[in-house]
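The next block is start-v5.txt, given as compact mmCIF, C-alpha atoms and all ligand atoms.
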```txt
# COMPACT_ATOMS: atom_id res chain seq x y z
CA MET A 951 0.00 0.00 0.00
CA LEU A 952 2.94 2.29 0.60
CA GLU A 953 3.82 2.02 -3.09
CA ASN A 954 0.56 3.69 -4.06
CA ILE A 955 0.95 6.72 -1.84
CA SER A 956 0.64 9.91 -3.81
CA MET A 957 3.46 12.43 -3.58
CA THR A 958 0.93 15.25 -3.85
CA PRO A 959 0.32 16.72 -0.42
CA ILE A 960 -3.09 17.09 1.20
CA ARG A 961 -3.96 20.46 2.79
CA LEU A 962 -5.33 20.29 6.30
CA LYS A 963 -6.89 23.14 8.25
CA THR A 964 -7.15 23.27 12.04
CA PRO A 965 -9.31 22.68 14.01
CA VAL A 966 -9.64 19.23 12.47
CA THR A 967 -12.56 16.80 12.67
CA ASP A 968 -12.64 13.05 13.12
CA ASP A 969 -13.85 12.57 9.55
CA ILE A 970 -10.75 14.19 8.13
CA ILE A 971 -8.37 12.43 10.50
CA LYS A 972 -9.90 9.06 9.64
CA GLN A 973 -9.05 9.52 5.97
CA LEU A 974 -5.34 10.02 6.56
CA ARG A 975 -3.01 7.11 5.80
CA ILE A 976 0.63 6.48 6.62
CA GLY A 977 3.10 7.89 4.13
CA GLN A 978 0.79 10.71 3.00
CA LYS A 979 2.25 14.19 2.79
CA VAL A 980 0.21 16.80 4.60
CA LEU A 981 0.46 20.59 4.70
CA ILE A 982 -0.95 21.95 7.94
CA ASN A 983 -2.68 25.33 7.95
CA GLY A 984 -4.15 27.13 10.93
CA PHE A 985 -2.67 26.75 14.40
CA LEU A 986 -0.14 24.50 16.07
CA TYR A 987 0.56 24.51 19.81
CA THR A 988 4.14 23.76 20.82
CA GLY A 989 4.86 21.66 23.88
CA ARG A 990 7.81 19.72 25.27
CA ASP A 991 8.31 17.62 28.40
CA ALA A 992 7.93 20.42 30.93
CA ALA A 993 4.68 21.79 29.48
CA HIS A 994 3.25 18.29 29.15
CA ALA A 995 4.01 17.55 32.79
CA LYS A 996 2.07 20.69 33.78
CA LEU A 997 -0.90 19.96 31.52
CA VAL A 998 -1.22 16.39 32.77
CA ALA A 999 -0.97 17.51 36.40
CA LEU A 1000 -3.97 19.80 35.75
CA ILE A 1001 -5.90 16.99 34.08
CA ASP A 1002 -5.17 14.64 36.98
CA ASN A 1003 -6.49 17.26 39.41
CA GLY A 1004 -9.59 17.85 37.35
CA GLN A 1005 -8.62 21.46 36.64
CA ASP A 1006 -9.07 23.53 33.46
CA LEU A 1007 -6.27 23.66 30.91
CA PRO A 1008 -4.78 26.94 29.64
CA ILE A 1009 -5.47 25.81 26.06
CA THR A 1010 -8.34 23.96 24.39
CA LEU A 1011 -7.13 20.66 22.99
CA ASN A 1012 -10.25 19.60 21.14
CA GLY A 1013 -9.56 19.43 17.40
CA GLN A 1014 -6.08 20.86 17.81
CA ILE A 1015 -2.58 19.68 16.95
CA ILE A 1016 0.43 19.79 19.28
CA TYR A 1017 3.92 20.29 17.89
CA TYR A 1018 6.76 18.82 19.96
CA ALA A 1019 9.22 21.66 19.61
CA GLY A 1020 11.16 24.33 21.48
CA PRO A 1021 12.25 27.16 19.19
CA SER A 1022 15.59 28.94 19.26
CA PRO A 1023 15.24 32.67 20.11
CA ALA A 1024 14.00 34.94 17.31
CA LYS A 1025 16.52 37.36 15.85
CA PRO A 1026 15.32 40.97 15.86
CA GLY A 1027 12.70 41.51 13.16
CA ARG A 1028 11.80 37.83 12.88
CA ILE A 1029 8.63 36.04 13.94
CA ILE A 1030 10.39 33.05 15.44
CA GLY A 1031 13.80 31.37 15.61
CA SER A 1032 14.51 27.96 14.11
CA VAL A 1033 11.81 25.52 15.08
CA GLY A 1034 12.20 21.85 14.16
CA PRO A 1035 10.67 18.80 15.85
CA THR A 1036 12.08 17.21 19.00
CA THR A 1037 12.01 13.49 19.90
CA SER A 1038 8.39 12.55 20.54
CA GLY A 1039 9.08 9.51 22.72
CA ARG A 1040 9.71 11.77 25.72
CA MET A 1041 6.04 12.81 25.61
CA ASP A 1042 4.69 9.24 25.37
CA LEU A 1043 3.76 9.00 29.03
CA TYR A 1044 1.60 12.11 28.77
CA ALA A 1045 0.16 11.92 25.26
CA PRO A 1046 -2.66 9.37 25.77
CA LYS A 1047 -4.35 11.65 28.34
CA LEU A 1048 -4.32 14.58 25.92
CA ILE A 1049 -5.56 12.41 23.07
CA ALA A 1050 -8.46 11.26 25.25
CA LEU A 1051 -9.39 14.95 25.66
CA GLY A 1052 -9.73 15.41 21.91
CA LEU A 1053 -6.20 16.20 20.73
CA LYS A 1054 -6.41 15.38 17.03
CA GLY A 1055 -2.77 15.37 16.06
CA MET A 1056 0.85 15.44 17.16
CA VAL A 1057 3.89 16.51 15.18
CA GLY A 1058 7.39 15.36 16.16
CA LYS A 1059 10.12 12.94 15.22
CA GLY A 1060 10.78 9.36 16.27
CA LYS A 1061 8.76 6.34 17.33
CA ARG A 1062 5.75 6.34 19.66
CA SER A 1063 4.94 3.84 22.38
CA PRO A 1064 2.30 1.11 21.96
CA GLU A 1065 0.09 3.07 24.41
CA VAL A 1066 0.18 6.18 22.22
CA ILE A 1067 -0.47 4.15 19.07
CA LYS A 1068 -3.46 2.53 20.80
CA ALA A 1069 -4.85 5.90 21.89
CA ILE A 1070 -4.45 7.25 18.34
CA LYS A 1071 -6.60 4.39 17.06
CA GLN A 1072 -9.14 4.53 19.85
CA TYR A 1073 -9.78 8.28 19.81
CA ASN A 1074 -9.14 9.09 16.12
CA SER A 1075 -5.94 11.04 16.32
CA VAL A 1076 -2.83 11.06 14.11
CA TYR A 1077 0.92 11.31 14.53
CA PHE A 1078 2.92 13.23 11.95
CA ALA A 1079 6.67 13.47 11.43
CA ALA A 1080 8.30 16.75 10.51
CA VAL A 1081 11.85 16.68 9.15
CA GLY A 1082 14.21 16.76 12.12
CA GLY A 1083 16.89 19.35 11.70
CA ALA A 1084 15.05 21.22 8.93
CA ALA A 1085 14.32 23.92 11.47
CA ALA A 1086 15.17 26.99 9.40
CA LEU A 1087 13.00 25.81 6.51
CA ILE A 1088 10.11 24.98 8.84
CA SER A 1089 10.32 28.38 10.55
CA LYS A 1090 9.40 30.01 7.21
CA THR A 1091 5.93 28.48 7.41
CA VAL A 1092 5.27 30.19 10.76
CA LYS A 1093 3.40 33.44 10.21
CA GLN A 1094 2.60 34.37 13.81
CA CYS A 1095 3.86 33.24 17.16
CA GLU A 1096 2.51 33.95 20.61
CA VAL A 1097 3.16 32.47 24.04
CA VAL A 1098 -0.16 31.20 25.41
CA ALA A 1099 0.98 29.40 28.56
CA TYR A 1100 3.96 28.92 30.87
CA PRO A 1101 6.20 31.80 29.68
CA GLU A 1102 8.55 30.95 32.58
CA LEU A 1103 9.59 27.82 30.70
CA GLY A 1104 11.40 29.80 27.98
CA PRO A 1105 11.79 27.61 24.88
CA GLU A 1106 9.62 25.02 26.64
CA ALA A 1107 6.62 27.36 26.98
CA ILE A 1108 3.45 26.68 24.99
CA TYR A 1109 3.50 28.85 21.88
CA ARG A 1110 0.62 29.15 19.50
CA LEU A 1111 1.96 29.21 15.96
CA ALA A 1112 -0.11 30.35 13.02
CA VAL A 1113 1.20 28.24 10.15
CA GLU A 1114 0.83 28.13 6.40
CA ASP A 1115 1.58 24.89 4.59
CA PHE A 1116 3.63 23.42 7.41
CA PRO A 1117 5.04 20.19 5.84
CA VAL A 1118 4.59 16.83 7.61
CA ILE A 1119 4.20 13.12 6.80
CA VAL A 1120 1.65 10.74 8.37
CA VAL A 1121 3.42 8.13 10.53
CA ASN A 1122 0.66 6.64 12.73
CA ASP A 1123 -2.93 6.64 11.49
CA THR A 1124 -6.33 5.61 12.86
CA GLN A 1125 -5.95 2.21 11.18
CA GLY A 1126 -3.03 1.30 13.44
CA GLY A 1127 -0.51 1.77 10.62
CA ASP A 1128 3.07 2.72 11.51
CA LEU A 1129 5.27 4.18 8.79
CA TYR A 1130 8.46 3.60 10.81
CA GLU A 1131 7.71 -0.15 10.69
CA GLU A 1132 6.39 -0.31 7.14
CA GLY A 1133 9.05 1.96 5.64
CA ILE A 1134 11.89 -0.11 7.05
CA LYS A 1135 10.24 -3.32 5.84
CA MET A 1136 9.88 -1.93 2.36
CA TYR A 1137 13.47 -0.74 1.99
CA ALA A 1138 15.53 -3.26 3.98
CA ALA A 1139 17.86 -5.17 1.65
CA THR A 1140 18.25 -8.85 2.33
CA SER A 1141 21.61 -9.44 0.67
CA MET B 671 28.38 18.00 4.27
CA ILE B 672 26.33 19.51 1.45
CA SER B 673 28.15 17.45 -1.17
CA ALA B 674 27.57 14.30 0.90
CA LEU B 675 23.87 15.21 1.03
CA GLN B 676 23.77 15.87 -2.71
CA LYS B 677 25.22 12.45 -3.37
CA ALA B 678 22.68 10.96 -0.96
CA TYR B 679 19.91 12.70 -2.89
CA GLU B 680 21.06 11.05 -6.13
CA GLU B 681 21.34 7.62 -4.53
CA GLU B 682 18.17 7.47 -2.45
CA ILE B 683 15.54 5.23 -4.08
CA SER B 684 12.62 6.17 -1.84
CA LEU B 685 10.73 9.18 -3.23
CA THR B 686 9.80 10.33 0.25
CA GLY B 687 13.43 9.88 1.26
CA LYS B 688 14.58 11.97 -1.69
CA GLU B 689 12.16 14.73 -0.81
CA ILE B 690 13.38 14.74 2.79
CA ILE B 691 17.01 15.03 1.71
CA LYS B 692 16.02 17.90 -0.53
CA GLN B 693 14.35 19.64 2.43
CA ILE B 694 17.53 19.15 4.44
CA ILE B 695 19.66 20.69 1.68
CA ASP B 696 17.21 23.60 1.25
CA ASN B 697 17.25 24.07 5.01
CA ALA B 698 21.03 24.30 5.10
CA ASN B 699 20.94 26.92 2.33
CA ILE B 700 18.31 29.00 4.11
CA ALA B 701 20.25 28.76 7.38
CA GLU B 702 23.41 29.95 5.69
CA LYS B 703 21.82 32.76 3.72
CA GLU B 704 19.72 34.13 6.56
CA GLU B 705 22.27 33.38 9.28
CA VAL B 706 19.87 31.39 11.44
CA PRO B 707 20.47 28.01 13.10
CA MET B 708 19.91 25.03 10.77
CA CYS B 709 18.47 23.19 13.77
CA GLN B 710 16.85 24.73 16.86
CA ASP B 711 18.89 22.36 19.01
CA THR B 712 22.14 24.26 18.95
CA GLY B 713 23.59 21.70 21.27
CA PHE B 714 25.94 21.16 24.13
CA THR B 715 29.21 22.89 23.29
CA VAL B 716 31.97 20.32 23.11
CA VAL B 717 35.43 21.84 22.80
CA PHE B 718 38.65 20.04 21.91
CA VAL B 719 41.74 22.00 22.82
CA GLU B 720 45.21 21.13 21.57
CA LEU B 721 47.63 23.11 23.62
CA GLY B 722 51.23 23.41 22.42
CA GLN B 723 53.52 22.69 25.37
CA ASP B 724 55.46 25.91 24.72
CA VAL B 725 52.35 28.05 25.04
CA HIS B 726 51.89 30.06 28.21
CA ILE B 727 48.41 31.37 28.92
CA GLU B 728 48.18 34.64 30.83
CA GLY B 729 45.49 36.88 32.24
CA GLY B 730 43.08 34.51 33.94
CA SER B 731 41.51 31.11 33.66
CA PHE B 732 41.50 29.54 30.23
CA GLU B 733 38.38 27.52 30.98
CA ASP B 734 36.51 30.64 32.12
CA ALA B 735 37.45 32.25 28.82
CA ILE B 736 35.93 29.31 26.94
CA TYR B 737 32.72 29.54 28.97
CA GLU B 738 32.57 33.27 28.33
CA GLY B 739 32.90 32.53 24.61
CA VAL B 740 30.01 30.10 24.82
CA ARG B 741 27.93 32.58 26.83
CA ARG B 742 28.42 35.35 24.27
CA GLY B 743 28.06 33.09 21.26
CA TYR B 744 24.75 31.64 22.42
CA THR B 745 23.32 34.93 23.65
CA GLU B 746 24.45 37.28 20.89
CA GLY B 747 23.93 34.63 18.22
CA TYR B 748 20.31 33.93 19.27
CA LEU B 749 21.06 30.26 19.82
CA ARG B 750 18.91 28.08 22.05
CA LYS B 751 20.09 27.59 25.63
CA SER B 752 19.85 23.88 26.17
CA ILE B 753 21.91 23.21 29.30
CA VAL B 754 20.56 22.48 32.79
CA ARG B 755 22.75 23.11 35.86
CA HIS B 756 22.15 19.70 37.42
CA PRO B 757 21.04 16.49 35.71
CA LEU B 758 18.42 15.85 38.38
CA ASP B 759 17.03 19.26 39.34
CA ARG B 760 17.12 20.37 35.67
CA VAL B 761 17.21 24.15 36.00
CA ASN B 762 18.39 25.84 32.80
CA THR B 763 21.67 27.75 33.19
CA GLY B 764 20.31 30.37 30.81
CA ASP B 765 23.46 30.89 28.76
CA ASN B 766 24.31 27.38 27.51
CA THR B 767 27.33 27.13 29.82
CA PRO B 768 29.26 25.20 30.86
CA ALA B 769 30.95 23.49 27.93
CA VAL B 770 32.51 20.03 27.86
CA VAL B 771 36.22 20.67 27.30
CA TYR B 772 38.94 18.17 26.42
CA TYR B 773 42.62 19.09 26.54
CA LYS B 774 45.51 17.50 24.72
CA LEU B 775 49.08 18.61 25.29
CA VAL B 776 51.02 18.59 22.00
CA PRO B 777 54.51 19.70 20.92
CA GLY B 778 54.86 23.22 19.56
CA ASP B 779 53.75 26.76 20.35
CA LYS B 780 50.25 26.79 18.89
CA LEU B 781 46.83 26.64 20.44
CA LYS B 782 44.12 24.85 18.46
CA ILE B 783 40.50 25.06 19.53
CA MET B 784 37.85 22.91 17.87
CA VAL B 785 34.21 23.56 18.69
CA ALA B 786 31.63 20.88 17.98
CA PRO B 787 28.17 21.61 19.42
CA LYS B 788 26.28 18.35 19.88
CA GLY B 789 22.51 17.96 19.61
CA GLY B 790 20.66 15.92 22.21
CA GLY B 791 18.61 13.77 19.83
CA SER B 792 21.58 12.06 18.26
CA GLU B 793 23.68 11.99 21.45
CA ASN B 794 20.88 10.15 23.25
CA MET B 795 20.99 7.30 20.75
CA SER B 796 24.69 6.65 21.23
CA ALA B 797 25.86 3.52 23.08
CA ILE B 798 28.88 1.72 24.48
CA LYS B 799 29.54 -1.97 25.14
CA MET B 800 32.41 -3.94 26.58
CA LEU B 801 32.66 -6.92 24.21
CA LYS B 802 34.60 -10.09 24.83
CA PRO B 803 37.81 -10.17 22.78
CA ALA B 804 36.56 -13.45 21.25
CA GLU B 805 33.65 -11.58 19.67
CA GLY B 806 36.18 -9.84 17.43
CA VAL B 807 35.35 -7.69 14.43
CA GLU B 808 32.04 -9.49 13.86
CA GLY B 809 30.95 -8.54 17.36
CA VAL B 810 31.93 -4.94 16.67
CA LYS B 811 29.96 -4.83 13.42
CA GLN B 812 26.90 -6.36 15.06
CA PHE B 813 26.97 -3.84 17.90
CA VAL B 814 27.23 -0.91 15.47
CA LEU B 815 24.28 -2.22 13.43
CA ASP B 816 22.20 -2.92 16.55
CA THR B 817 22.84 0.60 17.83
CA VAL B 818 21.87 2.26 14.55
CA LEU B 819 18.75 0.09 14.26
CA ALA B 820 17.68 0.88 17.82
CA ALA B 821 18.24 4.59 17.13
CA GLY B 822 15.91 4.40 14.12
CA PRO B 823 14.36 7.78 13.35
CA ASN B 824 15.39 9.54 16.59
CA PRO B 825 18.79 10.98 15.58
CA CYS B 826 17.29 12.57 12.43
CA PRO B 827 18.88 10.35 9.76
CA PRO B 828 20.83 10.62 7.52
CA ILE B 829 23.43 10.32 10.24
CA ILE B 830 27.18 10.09 10.61
CA VAL B 831 28.29 7.15 12.73
CA GLY B 832 31.39 7.54 14.88
CA VAL B 833 32.89 4.28 16.16
CA GLY B 834 35.61 4.01 18.79
CA ILE B 835 37.21 0.60 19.31
CA GLY B 836 39.67 -0.25 22.06
CA GLY B 837 41.24 1.65 24.95
CA THR B 838 39.25 1.69 28.17
CA PHE B 839 35.57 2.32 28.80
CA GLU B 840 35.79 6.13 28.52
CA LYS B 841 38.57 6.13 25.93
CA ALA B 842 36.38 4.24 23.47
CA ALA B 843 33.64 6.84 23.87
CA LEU B 844 36.10 9.66 23.33
CA LEU B 845 37.51 7.97 20.22
CA ALA B 846 34.01 7.70 18.80
CA LYS B 847 33.38 11.38 19.45
CA GLU B 848 36.75 12.45 18.04
CA SER B 849 36.12 10.46 14.87
CA LEU B 850 33.17 12.78 14.20
CA LEU B 851 35.55 15.74 13.95
CA ARG B 852 36.83 14.38 10.64
CA ALA B 853 35.40 15.85 7.44
CA VAL B 854 32.30 13.79 6.54
CA GLY B 855 33.31 10.62 4.70
CA LYS B 856 37.05 11.22 4.83
CA PRO B 857 38.39 7.67 5.28
CA ASN B 858 40.65 6.56 8.10
CA PRO B 859 44.29 6.66 6.86
CA SER B 860 44.69 2.97 7.71
CA PRO B 861 43.51 0.89 4.70
CA GLU B 862 42.03 -1.87 6.91
CA LEU B 863 40.03 0.61 8.94
CA ALA B 864 38.93 2.42 5.79
CA ASP B 865 37.65 -0.95 4.53
CA LEU B 866 35.81 -1.53 7.79
CA GLU B 867 34.23 1.94 7.49
CA ARG B 868 33.09 1.21 3.96
CA GLU B 869 31.69 -2.18 4.89
CA LEU B 870 29.81 -0.80 7.90
CA LEU B 871 28.33 2.00 5.78
CA ILE B 872 27.00 -0.51 3.24
CA SER B 873 25.51 -2.73 5.99
CA ILE B 874 23.91 0.23 7.77
CA ASN B 875 22.33 1.46 4.57
CA LYS B 876 20.86 -1.98 3.94
CA LEU B 877 18.86 -1.74 7.16
CA GLY B 878 16.20 0.27 5.32
CA ILE B 879 15.77 2.96 8.00
CA GLY B 880 16.24 5.75 5.45
CA PRO B 881 15.99 9.53 5.76
CA GLN B 882 14.14 10.43 8.99
CA GLY B 883 13.52 6.72 9.55
CA LEU B 884 10.62 6.69 7.09
CA GLY B 885 12.17 4.00 4.89
CA GLY B 886 14.97 4.24 2.36
CA ARG B 887 18.51 3.36 1.53
CA ILE B 888 20.34 6.39 2.89
CA THR B 889 20.47 6.00 6.65
CA ALA B 890 24.09 7.05 7.13
CA LEU B 891 26.25 9.40 5.08
CA ALA B 892 29.48 8.06 6.53
CA VAL B 893 31.02 5.81 9.16
CA HIS B 894 34.20 6.96 10.89
CA VAL B 895 36.24 4.45 12.89
CA GLU B 896 39.08 5.18 15.32
CA VAL B 897 41.04 2.58 17.29
CA PHE B 898 43.39 2.55 20.28
CA PRO B 899 45.44 -0.21 21.96
CA THR B 900 43.47 -2.05 24.61
CA HIS B 901 43.82 -4.49 27.51
CA ILE B 902 44.28 -8.24 26.84
CA ALA B 903 40.92 -8.87 28.50
CA SER B 904 38.94 -6.08 26.79
CA LEU B 905 37.24 -5.09 23.57
CA PRO B 906 35.35 -1.84 24.22
CA VAL B 907 33.20 -0.46 21.39
CA ALA B 908 31.48 2.90 21.45
CA VAL B 909 29.08 4.30 18.87
CA ASN B 910 28.50 8.05 18.86
CA ILE B 911 25.84 9.15 16.42
CA ASN B 912 25.81 12.57 14.84
CA CYS B 913 22.96 14.03 12.86
CA HIS B 914 23.07 15.79 9.53
CA ALA B 915 23.19 19.04 11.53
CA SER B 916 26.87 18.31 12.15
CA ARG B 917 28.48 21.64 13.00
CA HIS B 918 32.20 22.13 13.48
CA LYS B 919 34.58 25.04 13.56
CA GLU B 920 38.24 25.24 14.39
CA ILE B 921 40.73 28.00 14.98
CA ILE B 922 44.51 27.95 15.43
CA LEU B 923 46.12 30.69 17.49
S1 LIG C 1 19.38 15.13 16.29
FE1 LIG C 1 20.47 16.82 15.26
S2 LIG C 1 19.17 17.47 13.57
FE2 LIG C 1 17.94 16.25 14.99
S3 LIG C 1 16.99 17.76 16.33
FE3 LIG C 1 18.85 17.06 17.34
S4 LIG C 1 20.46 18.50 16.69
FE4 LIG C 1 18.72 18.76 15.34
```
Could you quickly redo this structure as structure tokens?
Amino acid sequence: MLENISMTPIRLKTPVTDDIIKQLRIGQKVLINGFLYTGRDAAHAKLVALIDNGQDLPITLNGQIIYYAGPSPAKPGRIIGSVGPTTSGRMDLYAPKLIALGLKGMVGKGKRSPEVIKAIKQYNSVYFAAVGGAAALISKTVKQCEVVAYPELGPEAIYRLAVEDFPVIVVNDTQGGDLYEEGIKMYAATS
Amino acid sequence: MISALQKAYEEEISLTGKEIIKQIIDNANIAEKEEVPMCQDTGFTVVFVELGQDVHIEGGSFEDAIYEGVRRGYTEGYLRKSIVRHPLDRVNTGDNTPAVVYYKLVPGDKLKIMVAPKGGGSENMSAIKMLKPAEGVEGVKQFVLDTVLAAGPNPCPPIIVGVGIGGTFEKAALLAKESLLRAVGKPNPSPELADLERELLISINKLGIGPQGLGGRITALAVHVEVFPTHIASLPVAVNINCHASRHKEIIL
């Protein structure tokens, strides 16, 4: 099935609905438009502590996409510094709780745990990979940037990014597909 | 680096992989033109100092001067501050200090400083193992392949694989790191080790991990191997992975 994946990207606009998420398949190229919320370990720990205490969150997760990233500082006159994905596995312990609250997508790099993959399937979410290290290129798709929670965390604060055609690839879909597994299988050479 | 990536672009058979390599090349060009970091993780500053034994340093602490350089570089250069003061309480130092500094005393009256900031994603996927001497070169190869496979997408492939063989536990790790200072793909001067590097590169690229781990034939751009004499009872092997955002600079005073 990977062979038949089109190289033409699909445009996605946030907030996203279940119907749209359910159509996505591993290997598809997607251009995200609308908003992305950044979050790394520290912000996730705070969000999950609020959830565990039954308190309100500083951001609405329903229909939104979280981007695992911590930007470098913006040079004067720029919207944002370089902003590429960080390793998603560090957020695996927290992610299922956010997915259960309606988080529709995550952008990062690297493999997810079986628990996250299960939650993606169960609650109709999706995991995208952005190109790790392509941080200068990615920063060009960010049109606005604003801290919406935890400014004390510096690069680990939650920023809301307004993005235009932010390029990602579907890695884990609602069908339980995993591009990291399938891609390796397809290209491993036996001899 | 760019020429290694260009070659990788030609050779990659996965269309997605090709597109990713193209994004990485475009990214490097944007970063250079606009003077912004190619990756937001501007790393832990690792500094290799070669101090000529005839050099006399005056006017204060040399190490403080290095830290001050890091402080200014990361602040004035708008680079991300990624260092915490204690591995367990994890409070950011705010200026990316301290640095990890290695000193080597060499003959002569020159001072050479090599700076190699190291990203966390690729450093985290590095590994070391004390093999049994009987495991020999096959054991070494297997450990390198296992480490790269376990790393998968995390170190942002295409990667450069630094391998240190021999010495003691920490010496092997240092050899692996030092091997990454070489220009990408420049073979080890020893023909046998150059052969081993070539063979490892071919085996790694057969794993199928590919650019960003999404499947493909270009997982590594190069393998660099360094060796050192070791104990009759030991065969240490260290694998230090570097990402395509491999950044080095050196100056000789
Ligand atoms: S592994 Fe390298 S390219 Fe990837 S995020 Fe870290 S520093 Fe950047």
Mind checking which residues fall within 12 Å of B:Ile872, counting only C-alpha atoms, ignoring those fewer than 3 positions away in the same chain, and posting them as a ChimeraX atom specification?
/A:1138-1139,1141 /B:811,815,865-869,875-878,887-893
Surrounding residues of A:Ile970 excluding itself and chain neighbours under 4 positions, 12 Å, only C-alpha atoms, as JSON, numbers by chain
{"A": [960, 961, 962, 963, 964, 965, 966, 974, 975, 980, 1013, 1054, 1055, 1074, 1075, 1076, 1123, 1124]}
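In this comparison, which uses all atoms listed in the file, the residue of A:Lys1059, A:Arg1110, A:His994, A:Lys1068 approaching ligand LIG 1 (chain C) most closely is A:Lys1059.
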Can you write out as a tab-separated table which residues of chain B fall within 8 Å of ligand LIG 1 (chain C), alongside each residue's closest atom pair and its distance in Å to one decimal, counting only C-alpha atoms and all ligand atoms and ordering rows by chain and ascending residue number?
```
residue	atom	partner	partner_atom	distance
B:Met708	CA	C:LIG1	FE4	7.8
B:Cys709	CA	C:LIG1	FE4	4.7
B:Gln710	CA	C:LIG1	FE4	6.4
B:Asp711	CA	C:LIG1	S4	4.8
B:Thr712	CA	C:LIG1	S4	6.4
B:Gly713	CA	C:LIG1	S4	6.4
B:Lys788	CA	C:LIG1	S4	6.6
B:Gly789	CA	C:LIG1	S4	3.6
B:Gly790	CA	C:LIG1	FE3	5.3
B:Gly791	CA	C:LIG1	S1	3.9
B:Ser792	CA	C:LIG1	S1	4.3
B:Glu793	CA	C:LIG1	S1	7.4
B:Asn824	CA	C:LIG1	S1	6.9
B:Pro825	CA	C:LIG1	S1	4.3
B:Cys826	CA	C:LIG1	FE2	4.5
B:Pro827	CA	C:LIG1	FE2	7.9
B:Asn912	CA	C:LIG1	FE1	6.8
B:Cys913	CA	C:LIG1	FE1	4.4
B:His914	CA	C:LIG1	S2	5.9
B:Ala915	CA	C:LIG1	S2	4.8
B:Ser916	CA	C:LIG1	FE1	7.3
```
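Closest approach to chain A among B:Ile829, B:Val814, B:Met784, B:Ala908: B:Ile829, based on only C-alpha atoms.
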Using all atoms listed in the file, determine which residues of chain A fall within 9 Å of chain B; present them as a ChimeraX atom specification.
/A:957,977,979,1019-1025,1031-1039,1059-1061,1079-1088,1105,1121,1129-1141
If we count only C-alpha atoms and set the cut-off at 10 Å, which residues sit around B:Thr763, ignoring sequence neighbours fewer than 3 positions away in its own chain? Please answer as a PyMOL selection string.
chain B and resi 751-756+760+766-768
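Excluding A:Phe1116 itself and any same-chain residue fewer than 4 positions from it, the protein and nucleic acid residues within 6 Å of it, counting only C-alpha atoms, are Leu981, Ile982 and Thr1091 of chain A.
The interatomic distance for the pair atom CA of B:Leu775 and atom CA of B:Ile727 works out to 13.3 Å.
Neighbours of A:Leu1007 closer than or equal to 10 Å, with only C-alpha atoms counted and sequence neighbours fewer than 5 positions away skipped, come out as Lys996, Leu997, Val998, Ala999, Leu1000, Ile1001 and Ala1099 of chain A.
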Which centre and which edge lengths, in Å to one decimal, describe the axis-aligned box that holds all listed atoms of stretch 977-990 of chain A after 6 Å is added on each side, as JSON?
```
{"center_x": 1.8, "center_y": 17.5, "center_z": 14.0, "size_x": 24.0, "size_y": 31.2, "size_z": 34.5}
```
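Counting from atom CA of A:Gln1094, the distance to atom CA of A:Ile1009 is 17.0 Å.
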When you count all atoms listed in the file, which of these residues is closest to A:Ile1067: A:Ser956, A:Asn983, A:Gln1125, A:Asn1003?
A:Gln1125
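Atom CA of B:Thr817 lies 7.3 Å from atom CA of B:Val909.
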